[in-house]
Amino acid sequence: MLHISREECVNTETATRKEWIDGNGLGGYASSTIINCHTRKYHGILIAALKEPKGRFVLLSKLETSVLANDKEFLLSSNKFPGVYHPTGHQFVDSFDQGLYPSTTYRIGDALIRKSFLMIHGQNTVLVCYELLEGKVKPALRLRPLLAYREIHKLTRENMFLRPKSYPERNGRKIQPYEGMPPLYMATNRASEFFPGPKWTYNIEYLMERARGFDYQEDLFCPGMFETRLEKGKPVIFAASVEPLGNLERLRKKEIARREDEFEACKDRSRSTRWLKYFSGMFLIRNPSGFASVIAGYHWFGEWGRDTMISLPGLTFYAGRRKFGEEVLAAYAGLCRDGLLPNYLDQNSDHLAYNSVDASLWFFWAVQEYLKTRGSMDFVMDRIYPALRSIVTAHLDGRVPLCGLDSDGLLHAGNEHTQLTWMDAQAYGRPVTPRHGAAVEINALWYNALRFFQELATGPDNETAGRAGEAADRLQANFVARFWNDRDNCLCDVVNEHGRDRRIRPNQIFALSLPHTMLDYHLMRAVIGVVQAHLLTPYGLRTLSPRDPAYSPFYKGDADSRDSAYHQGMVWPWLAGHFGQALLRQAEDRAGTGAFLLKYFKPILRAFPDDLCINAVPELYTGNPPHAPKGAVAQAWSMAEAIRLNKLLKEK
């Protein structure tokens with residue numbers, strides 16, 4: 001899918017800005033840069049999502065590799081230490097390829113060696129395969145595993161608690177460095193010799209963490225060295241896992257076949273769209289509890305209810321994964337409480353955070369998209385409808401915490417100390433974008449939910465449907481009067497006790513894009529015009545108009561500095577999906593509008609970034625050109641909405 005030449009690989013300044021991710025369907029993953037020089041504490045060869053202890057952990061950080069030929073050892077690894085790169089294995093890199101899985105090719109004299117990484121779906125297991133593609137020599141292959149064994153957000157240092165002893169396994173070793181943590185099984189498919197040599201490697205640096213204002217130095221532990229012979233036609237597979245290992249050749253062959261089938265199932269005329277669908281599968285997981293869910297983003301995000309509902313249509317219903325999407329809908333329907341869905345499923349505990357007003361309202365939209373893509377009405381009525389009804393009745397009865405309906409039918413949520421919408425960043429101990437009161441997209445979502453519930457309700461629920469209809473009518477009658485911004489000819493962002501927030505933000509676009517709207521054609525055209533003039537970029541929509549004094553086009557510095565800019569001008573790719581739908585909805589020339597959108601949004605619909613993650617669409621881009629990719633390197637709703645918009649643009 002993507003070939004990166006030697007010229008780009010040997011330049012550490014550019015190569016260390018290109019990352020890859022390979023997921024295992026459990027929330028675990030392998031990830032690094034194209035020269036396998038880690039720049040983040042979140043990089044590692046085996047990051048596992050564990051049930052006990054609960055959470056995600058970097059177990060195997062690196063596999064230091066060298067080959068021995070003609071009594072000379074060539075170090076193929078690259079690490080950043082204070083003031084220096086060592087070893088400098090990137091000088092031997094011939095190319096990097098990202099296809100069904102990532103691989104790096106090294107050239108040493110006449111020898112050409114390919115190293116590939118493969119996470120096994122449904123297992124906390126990684127395979128690293130070495131193949132001698134060219135060359136007459138049969139070099140010795142030396143592998144030195146470097147263990148971190150720590151939670152993904154932390155770093156480790158040399159300590160007295162680590163147990164250095166490893167134990168023999170078939171063609172490998174087992175080590176359990178810390179009490180309470182699972183053992184790590186390491187093995188090779190070919191006969192290998194293990195040389196014990198417990199040793200710490202000190203002060204490996206992660207440059208991206210330093211740039212983000214976090215601790216960035218770590219010590220890693222090596223239990224010893226594996227040595228085997230590398231021959232043409234006889235690949236060497238190194239495996240690391242939290243469970244005993246079986247036949248590695250069979251395991252690798254089965255996983256590659258599964259990936260080939262998955263890629264073939266991503267049917268689309270456009271090859272780039274097929275790859276987009278294929279890589280989007282990394283966000284679909286079964287967490288350690290067996291719960292079907294969505295990882296909001298890599299590397300540091302967990303399972304978020306809001307992100308799940310926004311992402312689900314693109315990741316599943318529009319990508320040929322309907323059955324998994326049904327499982328997610330049913331799973332979250334079972335978590336409904338007091339009219340809310342959990343906004344956050346804590347991966348380090350069993351805690352469910354019901355701290356968003358919109359996750360449950362996006363749930364309605366996800367179900368609408370399911371039915372729009374030929375989903376089963378029987379499934380909806382049997383498995384999902386009770387949760388939808390409970391959400392509507394909870395709001396109508398005033399039982400939703402921190403929420404309420406005013407006399408005009410507007411849905412109000414939160415107070416000055418809460419952040420219950422998707423613009424929820426806090427910096428320096430306070431909300432960056434206070435949006436308590438009646439937020440424009442919350443009311444658009446609420447209206448859409450009420451009308452959709454009316455469509456579904458039958459028989460015993462006729463009375464509730466009548467109440468829902470009355471609430472929708474009341475909201476529709478007052479929405480424009482309460483939200484219209486005469487000065488800018490668009491919608492206000494929030495209405496509360498302080499008046500109207502007239503900042504030009506993208507949240508108004510949902511009043512046009514959702515299936516049920518309260519705006520007529522002329523108001524839609526006005527809103528679209530303002531959004532285009534102030535917020536539109538080829539990478540999505542800005543979160544604030546550049547003319548606003550609070551506009552921040554840069555995303556850099558420490559956590560508070562970045563969070564201060566998070567929703568104050570950054571461009572979010574996921575908003576492109578709803579903008580595109582809104583533009584198509586009021587377009588007189590739908591074909592011409594579709595062609596414009598396809599060309600204009602090409603950077604996110606048909607390509608991945610040159611920098612950051614080479615097989616994913618990132619969380620956000622900077623507000624000003626050239627719109628550098630920032631934030632999480634792979635974001636679920638960014639990729640999901642790119643898939644969905646691609647589909648919309650192909651509809652007649």
# chains A, B, ... in the order shown; residues from 1 in each chain; ligands from 1
>>> select_by_dssp(residues="region 25-252 of chain A", states="strand (DSSP E)", output="PyMOL selection string")
chain A and resi 29-33+44-50+55-69+72-75+78-81+84-88+93-98+102-108+111-119+125-134+140-151+166-169+172-175+184-188+193-205+217-229+236-241
>>> write_last_selection(atoms="C-alpha atoms", output="compact mmCIF listing (two decimals), in the first residue's frame")
# COMPACT_ATOMS: atom_id res chain seq x y z
CA TYR A 29 -1.11 -3.07 19.55
CA ALA A 30 2.44 -2.81 18.24
CA SER A 31 3.69 0.60 17.13
CA SER A 32 6.87 2.48 16.35
CA THR A 33 8.45 4.66 13.68
CA GLY A 44 6.33 -0.81 21.75
CA ILE A 45 6.39 -4.21 20.10
CA LEU A 46 3.82 -5.77 22.43
CA ILE A 47 1.33 -3.49 24.16
CA ALA A 48 -1.25 -5.74 25.80
CA ALA A 49 -4.77 -5.03 27.07
CA LEU A 50 -4.97 -7.16 30.20
CA GLY A 55 -5.43 -1.87 31.72
CA ARG A 56 -2.99 -1.56 28.83
CA PHE A 57 0.68 -2.27 29.42
CA VAL A 58 3.87 -1.94 27.42
CA LEU A 59 5.39 -5.37 28.00
CA LEU A 60 7.97 -5.82 25.24
CA SER A 61 9.22 -2.39 24.26
CA LYS A 62 11.87 -3.31 21.70
CA LEU A 63 13.60 -6.22 20.02
CA GLU A 64 17.17 -5.15 19.45
CA THR A 65 18.42 -6.91 16.34
CA SER A 66 21.86 -7.58 14.94
CA VAL A 67 23.35 -9.93 12.36
CA LEU A 68 26.80 -11.51 12.55
CA ALA A 69 28.55 -12.22 9.25
CA LYS A 72 31.49 -8.66 12.05
CA GLU A 73 28.30 -7.67 13.88
CA PHE A 74 25.91 -5.25 12.24
CA LEU A 75 23.49 -3.53 14.62
CA SER A 78 18.12 2.59 16.42
CA ASN A 79 17.60 4.32 19.76
CA LYS A 80 17.78 7.90 20.93
CA PHE A 81 19.97 8.54 23.97
CA VAL A 84 23.20 10.71 20.33
CA TYR A 85 21.49 7.98 18.31
CA HIS A 86 22.84 4.51 19.14
CA PRO A 87 22.93 2.10 17.49
CA THR A 88 22.49 3.70 14.09
CA VAL A 93 17.48 0.46 6.04
CA ASP A 94 16.74 -0.05 2.35
CA SER A 95 13.00 0.67 2.50
CA PHE A 96 9.84 0.48 4.57
CA ASP A 97 6.54 -0.98 3.37
CA GLN A 98 3.09 -0.74 4.92
CA PRO A 102 4.43 -3.22 8.42
CA SER A 103 7.87 -4.38 7.26
CA THR A 104 11.36 -2.89 7.09
CA THR A 105 14.04 -4.09 4.67
CA TYR A 106 17.75 -3.83 5.49
CA ARG A 107 20.69 -4.11 3.11
CA ILE A 108 24.10 -5.19 4.39
CA ALA A 111 22.40 -9.41 1.92
CA LEU A 112 18.81 -8.13 1.91
CA ILE A 113 16.87 -8.84 5.11
CA ARG A 114 13.20 -8.10 5.69
CA LYS A 115 11.74 -7.70 9.18
CA SER A 116 7.95 -7.62 9.58
CA PHE A 117 5.61 -7.18 12.55
CA LEU A 118 2.33 -9.01 13.00
CA MET A 119 -0.05 -8.72 15.94
CA THR A 125 0.83 -12.01 20.88
CA VAL A 126 3.26 -10.42 18.44
CA LEU A 127 5.30 -12.13 15.73
CA VAL A 128 8.46 -10.56 14.35
CA CYS A 129 9.55 -12.32 11.18
CA TYR A 130 13.03 -12.14 9.64
CA GLU A 131 13.60 -13.25 6.05
CA LEU A 132 16.85 -13.38 4.07
CA LEU A 133 15.70 -12.26 0.62
CA GLU A 134 19.10 -11.98 -1.07
CA ALA A 140 23.78 -15.41 12.70
CA LEU A 141 20.72 -13.50 13.91
CA ARG A 142 20.88 -12.04 17.41
CA LEU A 143 17.77 -10.81 19.19
CA ARG A 144 17.80 -8.94 22.50
CA PRO A 145 14.33 -8.25 23.97
CA LEU A 146 14.01 -5.02 25.97
CA LEU A 147 11.21 -5.16 28.53
CA ALA A 148 9.33 -2.20 30.00
CA TYR A 149 6.46 -3.98 31.82
CA ARG A 150 4.57 -0.85 32.80
CA GLU A 151 1.25 0.90 32.26
CA SER A 166 14.04 -16.49 32.98
CA TYR A 167 13.08 -20.12 32.52
CA PRO A 168 13.43 -22.52 29.57
CA GLU A 169 10.52 -23.07 27.19
CA GLY A 172 12.48 -20.01 24.04
CA ARG A 173 12.18 -18.60 27.52
CA LYS A 174 9.58 -17.46 30.03
CA ILE A 175 10.06 -14.53 32.37
CA LEU A 184 6.08 -13.14 29.01
CA TYR A 185 6.65 -16.14 26.76
CA MET A 186 9.32 -15.67 24.09
CA ALA A 187 10.20 -18.23 21.45
CA THR A 188 11.53 -18.73 17.92
CA GLU A 193 20.22 -20.64 21.74
CA PHE A 194 19.52 -18.30 24.62
CA PHE A 195 22.40 -16.60 26.42
CA PRO A 196 21.30 -15.24 29.80
CA GLY A 197 22.67 -11.80 30.46
CA PRO A 198 20.39 -9.66 32.61
CA LYS A 199 21.14 -6.04 31.86
CA TRP A 200 19.48 -2.62 32.02
CA THR A 201 19.68 -0.13 29.18
CA TYR A 202 19.55 3.38 30.60
CA ASN A 203 18.06 6.70 29.51
CA ILE A 204 16.38 5.85 26.23
CA GLU A 205 14.70 9.07 25.14
CA GLN A 217 13.59 9.05 29.59
CA GLU A 218 13.26 5.37 30.40
CA ASP A 219 15.34 2.36 31.45
CA LEU A 220 14.57 -0.98 29.79
CA PHE A 221 15.52 -4.47 30.96
CA CYS A 222 17.09 -7.15 28.78
CA PRO A 223 17.02 -10.73 30.18
CA GLY A 224 19.51 -12.05 27.60
CA MET A 225 20.05 -12.80 23.93
CA PHE A 226 18.55 -15.25 21.46
CA GLU A 227 20.81 -16.44 18.64
CA THR A 228 19.90 -18.50 15.57
CA ARG A 229 20.91 -18.85 11.94
CA VAL A 236 12.97 -16.87 11.51
CA ILE A 237 9.92 -15.96 13.56
CA PHE A 238 10.33 -14.49 17.02
CA ALA A 239 7.18 -14.49 19.14
CA ALA A 240 6.30 -12.77 22.39
CA SER A 241 3.05 -13.44 24.21
>>> atom_distance(atom1="CA of Ala333 (chain A)", atom2="CA of Ala576 (chain A)")
27.4 Å
>>> closest_residue(among="A:His417, A:Asp493, A:Val357, A:Ala331", to="Arg383 (chain A)", atoms="only C-alpha atoms")
A:Ala331
>>> residues_around(residues="region 558-574 of chain A", least_positions_apart="2", cutoff="8 Å", atoms="only C-alpha atoms", output="PyMOL selection string")
chain A and resi 211-214+423+425-428+432-433+537+539-546+550-556+576-578+604+618-623+627+637-642
>>> residues_around(residues="region 451-465 of chain A", least_positions_apart="6", cutoff="12 Å", atoms="only C-alpha atoms", output="PyMOL selection string")
chain A and resi 361-369+371+377-378+380-382+384-397+444-445+471-473+475-476+514-518
>>> write_last_selection(atoms="C-alpha atoms", output="tab-separated table (two decimals), in the first residue's frame")
chain	number	residue	atom	x	y	z
A	361	LEU	CA	-28.30	11.24	21.66
A	362	TRP	CA	-25.64	10.15	19.18
A	363	PHE	CA	-26.87	6.62	19.94
A	364	PHE	CA	-30.09	7.48	18.09
A	365	TRP	CA	-28.12	8.67	15.07
A	366	ALA	CA	-26.02	5.50	15.03
A	367	VAL	CA	-29.22	3.43	14.94
A	368	GLN	CA	-30.60	5.61	12.14
A	369	GLU	CA	-27.45	5.02	10.12
A	371	LEU	CA	-31.26	1.21	9.39
A	377	MET	CA	-35.78	-3.38	12.03
A	378	ASP	CA	-36.46	-6.54	14.05
A	380	VAL	CA	-33.65	-2.60	16.51
A	381	MET	CA	-37.07	-3.22	18.05
A	382	ASP	CA	-35.96	-6.30	20.00
A	384	ILE	CA	-32.23	-1.44	20.94
A	385	TYR	CA	-35.67	0.15	21.17
A	386	PRO	CA	-36.07	-0.31	24.98
A	387	ALA	CA	-32.92	1.76	25.53
A	388	LEU	CA	-34.07	4.45	23.10
A	389	ARG	CA	-37.41	4.66	24.88
A	390	SER	CA	-35.76	4.90	28.29
A	391	ILE	CA	-33.55	7.77	27.10
A	392	VAL	CA	-36.50	9.75	25.75
A	393	THR	CA	-38.70	9.17	28.79
A	394	ALA	CA	-35.89	10.04	31.20
A	395	HIS	CA	-35.44	13.41	29.51
A	396	LEU	CA	-39.17	14.08	29.27
A	397	ASP	CA	-39.62	13.17	32.95
A	444	ALA	CA	-30.27	19.41	17.18
A	445	LEU	CA	-29.51	15.89	18.43
A	471	ALA	CA	-41.66	18.24	22.86
A	472	ALA	CA	-40.30	18.19	19.30
A	473	ASP	CA	-42.96	20.62	18.09
A	475	LEU	CA	-38.46	22.88	20.26
A	476	GLN	CA	-38.94	23.35	16.53
A	514	LEU	CA	-28.88	15.10	11.05
A	515	PRO	CA	-31.81	13.22	9.48
A	516	HIS	CA	-34.42	15.47	11.12
A	517	THR	CA	-33.74	19.21	10.93
A	518	MET	CA	-35.53	22.31	12.21
>>> select_by_dssp(residues="region 408-603 of chain A", states="alpha helix (DSSP H)", output="number ranges by chain")
A: 440-456, 462-483, 510-513, 521-534, 559-565, 575-585, 590-600, 602-603
